[in-house]
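Colleague: Please see the structure below; I have some questions.
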Amino acid sequence: MERSTIVRVHDGLHARPATRFVKLAKGFESDIELIKADKSVSAKSSVKLMLLGVKENETVTVRASGADEIEAIEALIGYLEDPHAGTAEEDRAEKAPAEPTPVQPKAFSANSNTSATGKLRGVAASEGFAIGPAFGFFPAEIKHENRLLAANEIPAEAGRLTQAFATVQHRMDMSLAATDLAESDRGIIAALKDIACDDELTQAAEALVKEGMDAVSAVIGATSRIAADFASMDDPYLNARADDVNAVGRQICLALLGQDDANLEAIPTGAILIADDIGAWDLARAPLKRIAGVICGHGGATSHVAIIARAHGIPAVLGLGQSVQELQHVRSVALDGNSGDIFPDPDQMTVDRFHAQIGVADTERDALKAYKNIVPKRADGTIIEIAANLGSLDEIEAAQEAGAMGVGLFRTELLFMRHIHLPSEDLQTETYTTLAKAFAPHPVIVRTLDIGGDKPISGIDFPDEENPFLGWRGIRMCLDRPDVFKPQLRALLRAAVHGNIKVMLPMVSDLGEVRATRSLIDECAAELKEEGRDYANFDLGVMVETPAAVMIAPMLAKEVAFFSIGTNDLTQYIMAADRLNPTVAKLNDVTHPAVMAAIELTVKAGVEAGIMVGMCGEAAGRADLIPAFVNMGLTELSMSPASIQRAKKCVWELGQVGNQEGE
């Protein structure tokens, strides 16, 4: 049987999403194929799957044949339709700055990227400045042995090849088992292992040995062909996989030769790593805390080397081509990961400039760390809670490290979108409980399901709507579907036993929506009591994001325990400008007088009613707007973890100024 769908996986089936798709496919006995246009490949081969070049929003067909074909198709289609498929590890990895726009590395000829001043330029792959002693990493090239095997030598050579694959796979398993391996690096090594285990590679090398080619030459030949296939594709993410295939091939050849690769254990603290090519396998196992910067002839912004560098905050310039050879014998080097500029043996003026830039960046970063545990207050002593916006449990660690004073917005949509079926009450209870315990005694505000036709989920059929942003979404959908809403409310009541859970309703525009929800909560509490289950009541609030909610804010404030202003949607609704439409992007400005007036009206209504008023839109983390929001009377600001320490600093300084003025 078969079924077609449109791929919603972000950026398509590149390395890690493909790895997880294959892992899912291998869990079924059925023969499974993925079909795109007129090409069909095994869904159990990462290499073949990546070479199919499946991109986001393309139509594909999953075909399965076997005893569990129905379950296989349902699971794989669910994965392909999930925009967040394969991102759990990426979410943890991207604590570093966001990836720059993918840049296709240029095939530079010698000196083609050298300026008259001796400056080199490559691909800016990880931001930041670095200067230090050069550490060249140029391991010897492995060459074809070009031995022609006699017929009686082939079985033994095939055995050597099988053992070499097993050795490399075992080494990668050992690395994955290490407890000190960062999760971002773990995901990359898992993808490399998948290549090392892939039938496309192992069978191609085995076939060449059976034809009489020595094992080393066979591995080089097989990996070169597969790498060339990746390099010829028009997707930068897939181009970057060519480096991964070659890196795996090198490890297999070294195993065949009984050699250990050159490693980075000897790199001194503060050195700039320079290489023609660095395998992600090598870099992930390196003493990364000692490395001040990375320069590489190969790779680009989407390569695994770039991802590792960004995840660990290491400035990197890649894609220099043959010009990297000019750096083999330099004593020191400076690199600018923001522009891609490299300065071999820099003069004193350049050294001074780089030290100044590094000093400014270090000072800013270190200074902000001092605010991690600060409890910011207004001049009158009122605490301003700086909380985190989260979408999954994977983000808890980043929020805690930043010093979040609880969670101002937990989006429950991802919990629903990650599963083929609607998540059970027990699964939801476990999720909300984990969240509550992680931040106790700080409050955790959970937004009830905010889903519409623009981001559908399995188990709910949404009507076709001309404008889903103005349609059946948020609290409107939930009240119409108590079979969906009640399990979530029951789970929240059960989780409230374990921490300071608060619940927020999205897209409220009428008092009746709040009252109907409260009736459902009372009904759920009565059921739990009758069943003998533990539960606790929670504060109920609303997300103010519709103009209607602003206009009736004084009435809403008498019905709920708190407001949280969602500036993203509030701005688009007030300005009548779709925030996803680039042609009207200039209208989507939270600082527009109409939007700021709506925020002020909401805060005034909340303050007068004596309830907490917070903000969970992107504007909450803007240092230029925080003073205005605090002066209006907001007492909670929720944002991405990366903005928390800067926001704490801003509020703390406001309090200090206020105290001085009051003296």
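Chain labels follow the order of the structure tokens: the first chain is A, the next B, and so on; residue numbering restarts at 1 in every chain, and ligands are counted from 1 in their shown order.
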Give me, as a list in words, all polymer residues having an atom no more than 8 Å from Leu493 (chain A), counting only C-alpha atoms and skipping those fewer than 6 positions away in the same chain.

Modeller: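 So the residues in contact are Ala525, Tyr535, Ala536, Asn537 and Phe538 of chain A.
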
Colleague: Based on DSSP run over this structure's backbone, return all residues of region 449-622 of chain A in strand (DSSP E), as a list in words.

Modeller: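 Strand (DSSP E) members of region 449-622 of chain A, listed: Asn500, Ile501, Lys502, Val503, Met504, Leu505, Asp539, Leu540, Gly541, Val542, Met543, Val544, Phe562, Phe563, Ser564, Ile565, Met612, Val613, Gly614 and Met615 of chain A.
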
Colleague: Output N, CA and C atoms for every residue in that selection, as a PDB file, in the first residue's frame.

Modeller:
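So the final result, stored in selection.pdb, reads:
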```pdb
ATOM      1  N   ASN A 500       3.971  25.319  40.746  1.00  0.00           N
ATOM      2  CA  ASN A 500       3.170  26.538  40.606  1.00  0.00           C
ATOM      3  C   ASN A 500       2.663  26.682  39.170  1.00  0.00           C
ATOM      4  N   ILE A 501       1.717  25.839  38.808  1.00  0.00           N
ATOM      5  CA  ILE A 501       1.152  25.857  37.460  1.00  0.00           C
ATOM      6  C   ILE A 501       0.092  26.950  37.349  1.00  0.00           C
ATOM      7  N   LYS A 502       0.171  27.735  36.281  1.00  0.00           N
ATOM      8  CA  LYS A 502      -0.886  28.673  35.921  1.00  0.00           C
ATOM      9  C   LYS A 502      -1.302  28.355  34.486  1.00  0.00           C
ATOM     10  N   VAL A 503      -2.535  28.650  34.155  1.00  0.00           N
ATOM     11  CA  VAL A 503      -3.047  28.271  32.831  1.00  0.00           C
ATOM     12  C   VAL A 503      -3.560  29.508  32.110  1.00  0.00           C
ATOM     13  N   MET A 504      -3.176  29.632  30.839  1.00  0.00           N
ATOM     14  CA  MET A 504      -3.509  30.806  30.037  1.00  0.00           C
ATOM     15  C   MET A 504      -4.283  30.391  28.786  1.00  0.00           C
ATOM     16  N   LEU A 505      -5.358  31.120  28.503  1.00  0.00           N
ATOM     17  CA  LEU A 505      -6.210  30.822  27.349  1.00  0.00           C
ATOM     18  C   LEU A 505      -5.851  31.728  26.178  1.00  0.00           C
ATOM     19  N   ASP A 539      -4.336  29.090  38.908  1.00  0.00           N
ATOM     20  CA  ASP A 539      -4.791  30.401  38.460  1.00  0.00           C
ATOM     21  C   ASP A 539      -5.109  30.331  36.974  1.00  0.00           C
ATOM     22  N   LEU A 540      -6.195  30.952  36.581  1.00  0.00           N
ATOM     23  CA  LEU A 540      -6.594  30.998  35.174  1.00  0.00           C
ATOM     24  C   LEU A 540      -6.430  32.428  34.658  1.00  0.00           C
ATOM     25  N   GLY A 541      -5.731  32.550  33.529  1.00  0.00           N
ATOM     26  CA  GLY A 541      -5.522  33.859  32.927  1.00  0.00           C
ATOM     27  C   GLY A 541      -5.806  33.831  31.446  1.00  0.00           C
ATOM     28  N   VAL A 542      -5.677  34.978  30.801  1.00  0.00           N
ATOM     29  CA  VAL A 542      -5.903  35.043  29.363  1.00  0.00           C
ATOM     30  C   VAL A 542      -4.710  35.699  28.683  1.00  0.00           C
ATOM     31  N   MET A 543      -4.484  35.281  27.467  1.00  0.00           N
ATOM     32  CA  MET A 543      -3.481  35.903  26.626  1.00  0.00           C
ATOM     33  C   MET A 543      -4.185  37.018  25.855  1.00  0.00           C
ATOM     34  N   VAL A 544      -3.765  38.233  26.075  1.00  0.00           N
ATOM     35  CA  VAL A 544      -4.392  39.373  25.412  1.00  0.00           C
ATOM     36  C   VAL A 544      -3.708  39.583  24.073  1.00  0.00           C
ATOM     37  N   PHE A 562      -4.807  36.740  35.887  1.00  0.00           N
ATOM     38  CA  PHE A 562      -3.686  37.463  35.273  1.00  0.00           C
ATOM     39  C   PHE A 562      -3.929  37.676  33.773  1.00  0.00           C
ATOM     40  N   PHE A 563      -3.197  38.647  33.234  1.00  0.00           N
ATOM     41  CA  PHE A 563      -3.127  38.888  31.793  1.00  0.00           C
ATOM     42  C   PHE A 563      -1.702  38.594  31.335  1.00  0.00           C
ATOM     43  N   SER A 564      -1.554  38.122  30.113  1.00  0.00           N
ATOM     44  CA  SER A 564      -0.243  38.063  29.461  1.00  0.00           C
ATOM     45  C   SER A 564      -0.436  38.572  28.039  1.00  0.00           C
ATOM     46  N   ILE A 565       0.269  39.627  27.707  1.00  0.00           N
ATOM     47  CA  ILE A 565       0.079  40.276  26.413  1.00  0.00           C
ATOM     48  C   ILE A 565       0.935  39.580  25.357  1.00  0.00           C
ATOM     49  N   MET A 612      -1.956  40.377  38.087  1.00  0.00           N
ATOM     50  CA  MET A 612      -0.652  40.441  37.440  1.00  0.00           C
ATOM     51  C   MET A 612      -0.821  40.651  35.932  1.00  0.00           C
ATOM     52  N   VAL A 613       0.006  41.515  35.366  1.00  0.00           N
ATOM     53  CA  VAL A 613       0.009  41.718  33.920  1.00  0.00           C
ATOM     54  C   VAL A 613       1.423  41.455  33.420  1.00  0.00           C
ATOM     55  N   GLY A 614       1.549  40.507  32.504  1.00  0.00           N
ATOM     56  CA  GLY A 614       2.841  40.168  31.922  1.00  0.00           C
ATOM     57  C   GLY A 614       2.818  40.310  30.411  1.00  0.00           C
ATOM     58  N   MET A 615       3.928  39.983  29.811  1.00  0.00           N
ATOM     59  CA  MET A 615       4.039  40.041  28.347  1.00  0.00           C
ATOM     60  C   MET A 615       4.878  38.857  27.894  1.00  0.00           C
TER      61      MET A 615
END
```

Colleague: Between CA of Thr61 (chain A) and CA of Asp198 (chain A), what distance in Å does the model show, to one decimal?

Modeller: 21.9 Å

Colleague: Kindly indicate which residue among A:Ala196, A:Leu625, A:Ala18, A:Ala151 lies nearest to Ala647 (chain A), using only C-alpha atoms for the distances.

Modeller: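 Among A:Ala196, A:Leu625, A:Ala18, A:Ala151, it is A:Leu625 that comes nearest to Ala647 (chain A).
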
Colleague: To one decimal place, how far is CA of His144 (chain A) from CA of Ile220 (chain A) in Å?

Modeller: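 Those two atoms sit 7.1 Å apart.
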
Colleague: At a cut-off of 7 Å, using only C-alpha atoms, what residues contact region 570-576 of chain A? Leave out same-chain residues fewer than 5 positions from it and give the result as a ChimeraX atom specification.

Modeller: /A:545-547,587-590,595

Colleague: Please produce a file of the residues just selected, as an mmCIF file, in the first residue's frame, where the atoms kept are N, CA and C atoms.

Modeller:
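Wrote it out as selection-v8.cif, contents follow:
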```
data_model
loop_
_atom_site.group_PDB
_atom_site.id
_atom_site.type_symbol
_atom_site.label_atom_id
_atom_site.label_comp_id
_atom_site.auth_asym_id
_atom_site.auth_seq_id
_atom_site.Cartn_x
_atom_site.Cartn_y
_atom_site.Cartn_z
ATOM 1 N N GLU A 545 -4.392 39.185 23.031
ATOM 2 C CA GLU A 545 -3.800 39.279 21.695
ATOM 3 C C GLU A 545 -4.815 39.677 20.630
ATOM 4 N N THR A 546 -6.075 39.844 21.005
ATOM 5 C CA THR A 546 -7.078 40.322 20.048
ATOM 6 C C THR A 546 -7.501 41.734 20.450
ATOM 7 N N PRO A 547 -7.837 42.581 19.487
ATOM 8 C CA PRO A 547 -8.348 43.914 19.841
ATOM 9 C C PRO A 547 -9.572 43.841 20.740
ATOM 10 N N LEU A 587 4.459 47.289 8.501
ATOM 11 C CA LEU A 587 3.330 47.637 9.357
ATOM 12 C C LEU A 587 3.335 46.843 10.662
ATOM 13 N N ASN A 588 4.080 45.748 10.656
ATOM 14 C CA ASN A 588 4.100 44.886 11.840
ATOM 15 C C ASN A 588 5.108 45.413 12.853
ATOM 16 N N ASP A 589 4.796 46.554 13.416
ATOM 17 C CA ASP A 589 5.724 47.250 14.302
ATOM 18 C C ASP A 589 5.072 47.460 15.660
ATOM 19 N N VAL A 590 5.607 46.797 16.670
ATOM 20 C CA VAL A 590 5.023 46.884 17.999
ATOM 21 C C VAL A 590 5.113 48.296 18.574
ATOM 22 N N VAL A 595 -0.454 50.207 18.702
ATOM 23 C CA VAL A 595 -0.130 48.985 19.448
ATOM 24 C C VAL A 595 0.280 49.332 20.878
#
```

Colleague: Using DSSP on the backbone coordinates, identify all residues within region 336-424 of chain A classified as alpha helix (DSSP H); present the result as a PyMOL selection string.

Modeller: chain A and resi 348-369+396-402+413-417

Colleague: With C-alpha atoms retained, export the selected residues as a PDB file, in the first residue's frame.

Modeller:
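again_28.pdb written:
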```pdb
ATOM      1  CA  GLN A 348      50.462  45.035  15.594  1.00  0.00           C
ATOM      2  CA  MET A 349      47.581  47.275  14.571  1.00  0.00           C
ATOM      3  CA  THR A 350      45.439  44.241  13.666  1.00  0.00           C
ATOM      4  CA  VAL A 351      46.469  42.449  16.871  1.00  0.00           C
ATOM      5  CA  ASP A 352      45.436  45.440  18.952  1.00  0.00           C
ATOM      6  CA  ARG A 353      42.130  45.763  17.101  1.00  0.00           C
ATOM      7  CA  PHE A 354      41.264  42.102  17.594  1.00  0.00           C
ATOM      8  CA  HIS A 355      42.185  42.113  21.262  1.00  0.00           C
ATOM      9  CA  ALA A 356      39.964  45.154  21.725  1.00  0.00           C
ATOM     10  CA  GLN A 357      37.035  43.478  19.918  1.00  0.00           C
ATOM     11  CA  ILE A 358      37.481  40.264  21.890  1.00  0.00           C
ATOM     12  CA  GLY A 359      37.692  42.250  25.098  1.00  0.00           C
ATOM     13  CA  VAL A 360      34.454  44.086  24.395  1.00  0.00           C
ATOM     14  CA  ALA A 361      32.630  40.847  23.553  1.00  0.00           C
ATOM     15  CA  ASP A 362      34.019  39.027  26.607  1.00  0.00           C
ATOM     16  CA  THR A 363      33.193  41.934  28.874  1.00  0.00           C
ATOM     17  CA  GLU A 364      29.611  42.110  27.638  1.00  0.00           C
ATOM     18  CA  ARG A 365      29.117  38.360  27.949  1.00  0.00           C
ATOM     19  CA  ASP A 366      30.717  38.106  31.373  1.00  0.00           C
ATOM     20  CA  ALA A 367      28.911  41.174  32.631  1.00  0.00           C
ATOM     21  CA  LEU A 368      25.553  39.714  31.664  1.00  0.00           C
ATOM     22  CA  LYS A 369      26.342  36.453  33.483  1.00  0.00           C
ATOM     23  CA  ILE A 396      14.450  23.670  30.160  1.00  0.00           C
ATOM     24  CA  GLU A 397      18.224  23.507  30.638  1.00  0.00           C
ATOM     25  CA  ALA A 398      18.876  26.616  28.527  1.00  0.00           C
ATOM     26  CA  ALA A 399      16.264  28.572  30.498  1.00  0.00           C
ATOM     27  CA  GLN A 400      17.712  27.475  33.844  1.00  0.00           C
ATOM     28  CA  GLU A 401      21.247  28.345  32.749  1.00  0.00           C
ATOM     29  CA  ALA A 402      20.058  31.816  31.754  1.00  0.00           C
ATOM     30  CA  GLU A 413       1.304  22.836  20.419  1.00  0.00           C
ATOM     31  CA  LEU A 414       4.587  20.974  19.915  1.00  0.00           C
ATOM     32  CA  LEU A 415       3.474  18.284  22.351  1.00  0.00           C
ATOM     33  CA  PHE A 416       0.445  17.703  20.130  1.00  0.00           C
ATOM     34  CA  MET A 417       2.252  18.110  16.797  1.00  0.00           C
TER      35      MET A 417
END
```

Colleague: What is the distance, in Å and to one decimal place, between CA of Ala164 (chain A) and CA of Ser42 (chain A)?

Modeller: 24.6 Å

Colleague: Can you list, as a ChimeraX atom specification, every protein, DNA or RNA residue that comes within 9 Å of Ile73 (chain A) when you count only C-alpha atoms, leaving out same-chain residues fewer than 3 positions away?

Modeller: /A:1-3,32,62-64,68-70,76-78

Colleague: Determine, counting only C-alpha atoms, which protein, DNA and RNA residues have an atom within 12 Å of an atom of region 381-383 of chain A; residues of the same chain fewer than 4 positions away are not included. Present the result as a PyMOL selection string.

Modeller: chain A and resi 374-377+405+612+630-631+633-637+648+651-652+654-656+658-659

Colleague: Give me the residues within 8 Å of Asn389 (chain A) as a VMD selection string, counting only C-alpha atoms and dropping any in the same chain fewer than 5 places off.

Modeller: chain A and resid 407 to 411 616 638 to 641

Colleague: Of the candidates A:Asp214, A:Asp345, A:Asp11, A:Asp380, which one gets nearest to Lys55 (chain A) if we count only C-alpha atoms?

Modeller: A:Asp11
